[in-house]
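Participant: Got a structure for you, questions after.
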Amino acid sequence: MFHETEVPVKDPSSTAVITKTFSIGMGALRVFLTCALIILLLWAIGVFETDPYIKATLDLKGSKDNGEKLFKINCVGCHGITAQGLLGPDLHEVTDNFSEAAIINQIIQGATPPMPSFEMEPQKMADLMAYLNSLK
Ligand code: HEC
């Protein structure tokens with residue numbers, strides 16, 4: 001009789017301790033991941049905006065027609081003749097979905113193979129942005 005009461009009391013209390021520790025762990029992890037994401041986002045925005053090349057480009061007014069020529073030479077092989085998407089994604093909504101700074105970063109970084117990195121004067125990049133903006 002003595003043993004029968006002792007065992008059930010011991011078991012549930014140790015289970016409860018484990019469950020509690022686990023749920024605190026998950027909560028902390030979620031808070032940590034959220035903070036990490038926010039910091040990463042702020043960092044990325046900060047980096048894009050202070051990059052001198054991107055800043056210079058954003059200060060210029062681009063020509064859509066010149067941008068279209070640049071696009072036809074450099075981008076249509078992957079993004080399609082009207083930017084409708086081919087190997088690379090459709091770019092008609094790209095200026096709605098991403099900031100110009102993020103798009104410029106994508107074009108100059110080559111961080112997402114097979115898309116290569118491109119180097120061009122800020123004026124040419126501004127022209128390209130004018131074309132991408134005209135697509136929506
Ligand atoms: C060799 C093929 C290739 C060429 C050339 C290329 N791209 Fe891409 N591009 C891609 C691929 C593939 C992706 C998707 C990458 C990824 O997984 O995020 C992409 C993604 C993008 C994105 C992001 C779109 C999104 O929705 O995530 C932009 C903007 C873009 N390309 C613009 C350009 C421009 C402008 C040019 C010409 C200067 C160009 N690309 C040339 C293959 C290419």
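Every chain in the structure tokens takes a letter, A first, then B, and so on in the order presented; its residues are numbered from 1, and the ligands are numbered from 1 following the presented order.
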Once you count only C-alpha atoms and all ligand atoms, which residues end up within 7 Å of ligand 1, and could you hand them over as a list of chain:residue names?

Facilitator: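 Within the 7 Å cut-off, the matching residues are A:Phe71, A:Asn74, A:Cys75, A:Val76, A:Gly77, A:Cys78, A:His79, A:Leu87, A:Gly88, A:Pro89, A:Asp90, A:Leu91, A:Val94, A:Ile103, A:Gln106, A:Ile107, A:Thr112, A:Pro113, A:Pro114, A:Met115, A:Pro116, A:Phe118, A:Leu128.
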
Participant: Write a file of the selected residues as a short mmCIF file (atom, residue, chain, number, x, y, z; two decimals), in the first residue's frame, keeping N, CA and C atoms.

Facilitator:
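New file again-v3.cif:
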```cif
data_model
loop_
_atom_site.label_atom_id
_atom_site.label_comp_id
_atom_site.auth_asym_id
_atom_site.auth_seq_id
_atom_site.Cartn_x
_atom_site.Cartn_y
_atom_site.Cartn_z
N PHE A 71 18.03 45.30 -71.02
CA PHE A 71 17.35 44.07 -70.62
C PHE A 71 17.37 43.06 -71.76
N ASN A 74 20.93 41.59 -71.97
CA ASN A 74 21.51 40.86 -70.84
C ASN A 74 20.59 39.86 -70.13
N CYS A 75 19.32 40.08 -70.18
CA CYS A 75 18.45 39.35 -69.24
C CYS A 75 17.45 38.41 -69.89
N VAL A 76 17.12 38.66 -71.18
CA VAL A 76 16.02 37.91 -71.78
C VAL A 76 16.30 36.42 -71.91
N GLY A 77 17.57 36.05 -72.02
CA GLY A 77 17.91 34.63 -72.14
C GLY A 77 17.33 33.82 -70.99
N CYS A 78 17.25 34.41 -69.83
CA CYS A 78 16.75 33.69 -68.66
C CYS A 78 15.37 34.17 -68.21
N HIS A 79 15.08 35.46 -68.42
CA HIS A 79 13.82 35.98 -67.88
C HIS A 79 12.75 36.14 -68.96
N LEU A 87 13.84 30.56 -67.49
CA LEU A 87 14.63 29.88 -66.46
C LEU A 87 14.55 30.69 -65.16
N GLY A 88 14.62 31.99 -65.30
CA GLY A 88 14.46 32.88 -64.14
C GLY A 88 13.00 33.27 -64.00
N PRO A 89 12.63 33.87 -62.86
CA PRO A 89 11.21 34.19 -62.62
C PRO A 89 10.68 35.34 -63.47
N ASP A 90 9.36 35.39 -63.62
CA ASP A 90 8.62 36.51 -64.19
C ASP A 90 8.98 37.77 -63.39
N LEU A 91 9.27 38.87 -64.09
CA LEU A 91 9.71 40.08 -63.37
C LEU A 91 8.65 41.19 -63.37
N VAL A 94 8.07 42.34 -59.87
CA VAL A 94 9.25 42.37 -59.01
C VAL A 94 9.39 43.68 -58.25
N ILE A 103 16.54 44.83 -55.37
CA ILE A 103 16.64 44.34 -56.75
C ILE A 103 18.03 44.63 -57.32
N GLN A 106 20.40 42.23 -55.96
CA GLN A 106 20.28 40.93 -56.63
C GLN A 106 21.06 40.93 -57.94
N ILE A 107 20.97 42.04 -58.69
CA ILE A 107 21.59 42.09 -60.01
C ILE A 107 23.12 42.18 -59.91
N THR A 112 22.57 34.39 -56.31
CA THR A 112 21.60 33.33 -56.55
C THR A 112 21.87 32.69 -57.91
N PRO A 113 22.91 31.85 -57.97
CA PRO A 113 23.18 31.14 -59.22
C PRO A 113 21.95 30.37 -59.68
N PRO A 114 21.72 30.22 -60.97
CA PRO A 114 22.62 30.52 -62.08
C PRO A 114 22.63 31.98 -62.51
N MET A 115 21.87 32.85 -61.87
CA MET A 115 21.90 34.25 -62.29
C MET A 115 23.28 34.83 -62.01
N PRO A 116 23.93 35.35 -63.08
CA PRO A 116 25.28 35.90 -62.86
C PRO A 116 25.22 37.27 -62.20
N PHE A 118 26.11 41.25 -62.43
CA PHE A 118 26.30 42.21 -63.52
C PHE A 118 26.98 43.46 -62.97
N LEU A 128 17.76 50.43 -66.23
CA LEU A 128 17.21 49.09 -66.06
C LEU A 128 16.06 49.10 -65.04
#
```

Participant: List every residue of segment 10-117 of chain A that DSSP, applied to the backbone of this structure, assigns to alpha helix (DSSP H), and report them as a PyMOL selection string.

Facilitator: chain A and resi 10-50+52-58+64-74+76-79+94-97+100-109

Participant: For those residues, write C-alpha atoms to a file as a short mmCIF file (atom, residue, chain, number, x, y, z; two decimals), in the first residue's frame.

Facilitator:
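As a result, out_22.cif now contains:
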```cif
data_model
loop_
_atom_site.label_atom_id
_atom_site.label_comp_id
_atom_site.auth_asym_id
_atom_site.auth_seq_id
_atom_site.Cartn_x
_atom_site.Cartn_y
_atom_site.Cartn_z
CA LYS A 10 6.63 10.57 -8.22
CA ASP A 11 6.01 9.83 -11.89
CA PRO A 12 3.61 12.61 -12.84
CA SER A 13 5.64 15.27 -11.04
CA SER A 14 8.80 14.40 -12.94
CA THR A 15 6.87 14.37 -16.21
CA ALA A 16 5.49 17.81 -15.45
CA VAL A 17 8.96 19.20 -14.85
CA ILE A 18 10.15 17.87 -18.19
CA THR A 19 7.15 19.25 -20.07
CA LYS A 20 7.59 22.68 -18.50
CA THR A 21 11.27 22.87 -19.33
CA PHE A 22 10.54 21.87 -22.92
CA SER A 23 7.82 24.48 -23.44
CA ILE A 24 10.04 27.25 -22.02
CA GLY A 25 12.75 26.06 -24.38
CA MET A 26 10.49 26.33 -27.44
CA GLY A 27 9.21 29.76 -26.39
CA ALA A 28 12.72 31.07 -25.94
CA LEU A 29 13.72 29.62 -29.29
CA ARG A 30 10.83 31.35 -31.01
CA VAL A 31 11.68 34.68 -29.39
CA PHE A 32 15.31 34.23 -30.33
CA LEU A 33 14.51 33.36 -33.95
CA THR A 34 12.14 36.31 -34.29
CA CYS A 35 14.79 38.69 -32.91
CA ALA A 36 17.41 37.20 -35.20
CA LEU A 37 15.13 37.68 -38.21
CA ILE A 38 14.39 41.31 -37.33
CA ILE A 39 18.07 42.08 -36.79
CA LEU A 40 18.96 40.40 -40.09
CA LEU A 41 16.26 42.39 -41.90
CA LEU A 42 17.39 45.70 -40.42
CA TRP A 43 20.97 44.84 -41.23
CA ALA A 44 20.12 44.00 -44.83
CA ILE A 45 18.13 47.22 -45.30
CA GLY A 46 20.97 49.22 -43.73
CA VAL A 47 23.57 47.58 -45.92
CA PHE A 48 21.57 48.16 -49.12
CA GLU A 49 20.93 51.78 -48.32
CA THR A 50 24.48 52.66 -47.42
CA PRO A 52 27.51 53.79 -52.39
CA TYR A 53 26.76 52.18 -55.76
CA ILE A 54 23.11 51.53 -54.86
CA LYS A 55 22.76 55.01 -53.38
CA ALA A 56 24.19 56.60 -56.53
CA THR A 57 21.82 54.55 -58.68
CA LEU A 58 18.75 55.45 -56.63
CA LYS A 64 12.91 53.13 -69.67
CA ASP A 65 13.87 52.78 -73.36
CA ASN A 66 17.58 52.45 -72.61
CA GLY A 67 16.70 50.04 -69.84
CA GLU A 68 14.68 47.90 -72.21
CA LYS A 69 17.66 47.69 -74.57
CA LEU A 70 19.92 46.63 -71.69
CA PHE A 71 17.35 44.07 -70.62
CA LYS A 72 17.06 42.64 -74.15
CA ILE A 73 20.83 42.22 -74.32
CA ASN A 74 21.51 40.86 -70.84
CA VAL A 76 16.02 37.91 -71.78
CA GLY A 77 17.91 34.63 -72.14
CA CYS A 78 16.75 33.69 -68.66
CA HIS A 79 13.82 35.98 -67.88
CA VAL A 94 9.25 42.37 -59.01
CA THR A 95 9.17 46.09 -58.19
CA ASP A 96 6.02 45.52 -56.10
CA ASN A 97 7.53 42.64 -54.21
CA GLU A 100 14.68 48.83 -55.66
CA ALA A 101 17.73 48.55 -53.43
CA ALA A 102 17.10 44.82 -52.99
CA ILE A 103 16.64 44.34 -56.75
CA ILE A 104 19.85 46.20 -57.54
CA ASN A 105 21.59 44.09 -54.95
CA GLN A 106 20.28 40.93 -56.63
CA ILE A 107 21.59 42.09 -60.01
CA ILE A 108 25.08 43.06 -58.85
CA GLN A 109 25.70 40.31 -56.29
#
```

Participant: When you draw a straight line from atom CA of Glu119 of chain A to atom CA of Ser63 of chain A, how long is it in Å?

Facilitator: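 It comes out at 17.9 Å.
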
Participant: Looking at only C-alpha atoms, which of A:Asp51, A:His92, A:Gln84, A:Gly62 is the one that sits closest to Leu132 of chain A?

Facilitator: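 Nearest candidate to Leu132 of chain A out of A:Asp51, A:His92, A:Gln84, A:Gly62: A:His92.
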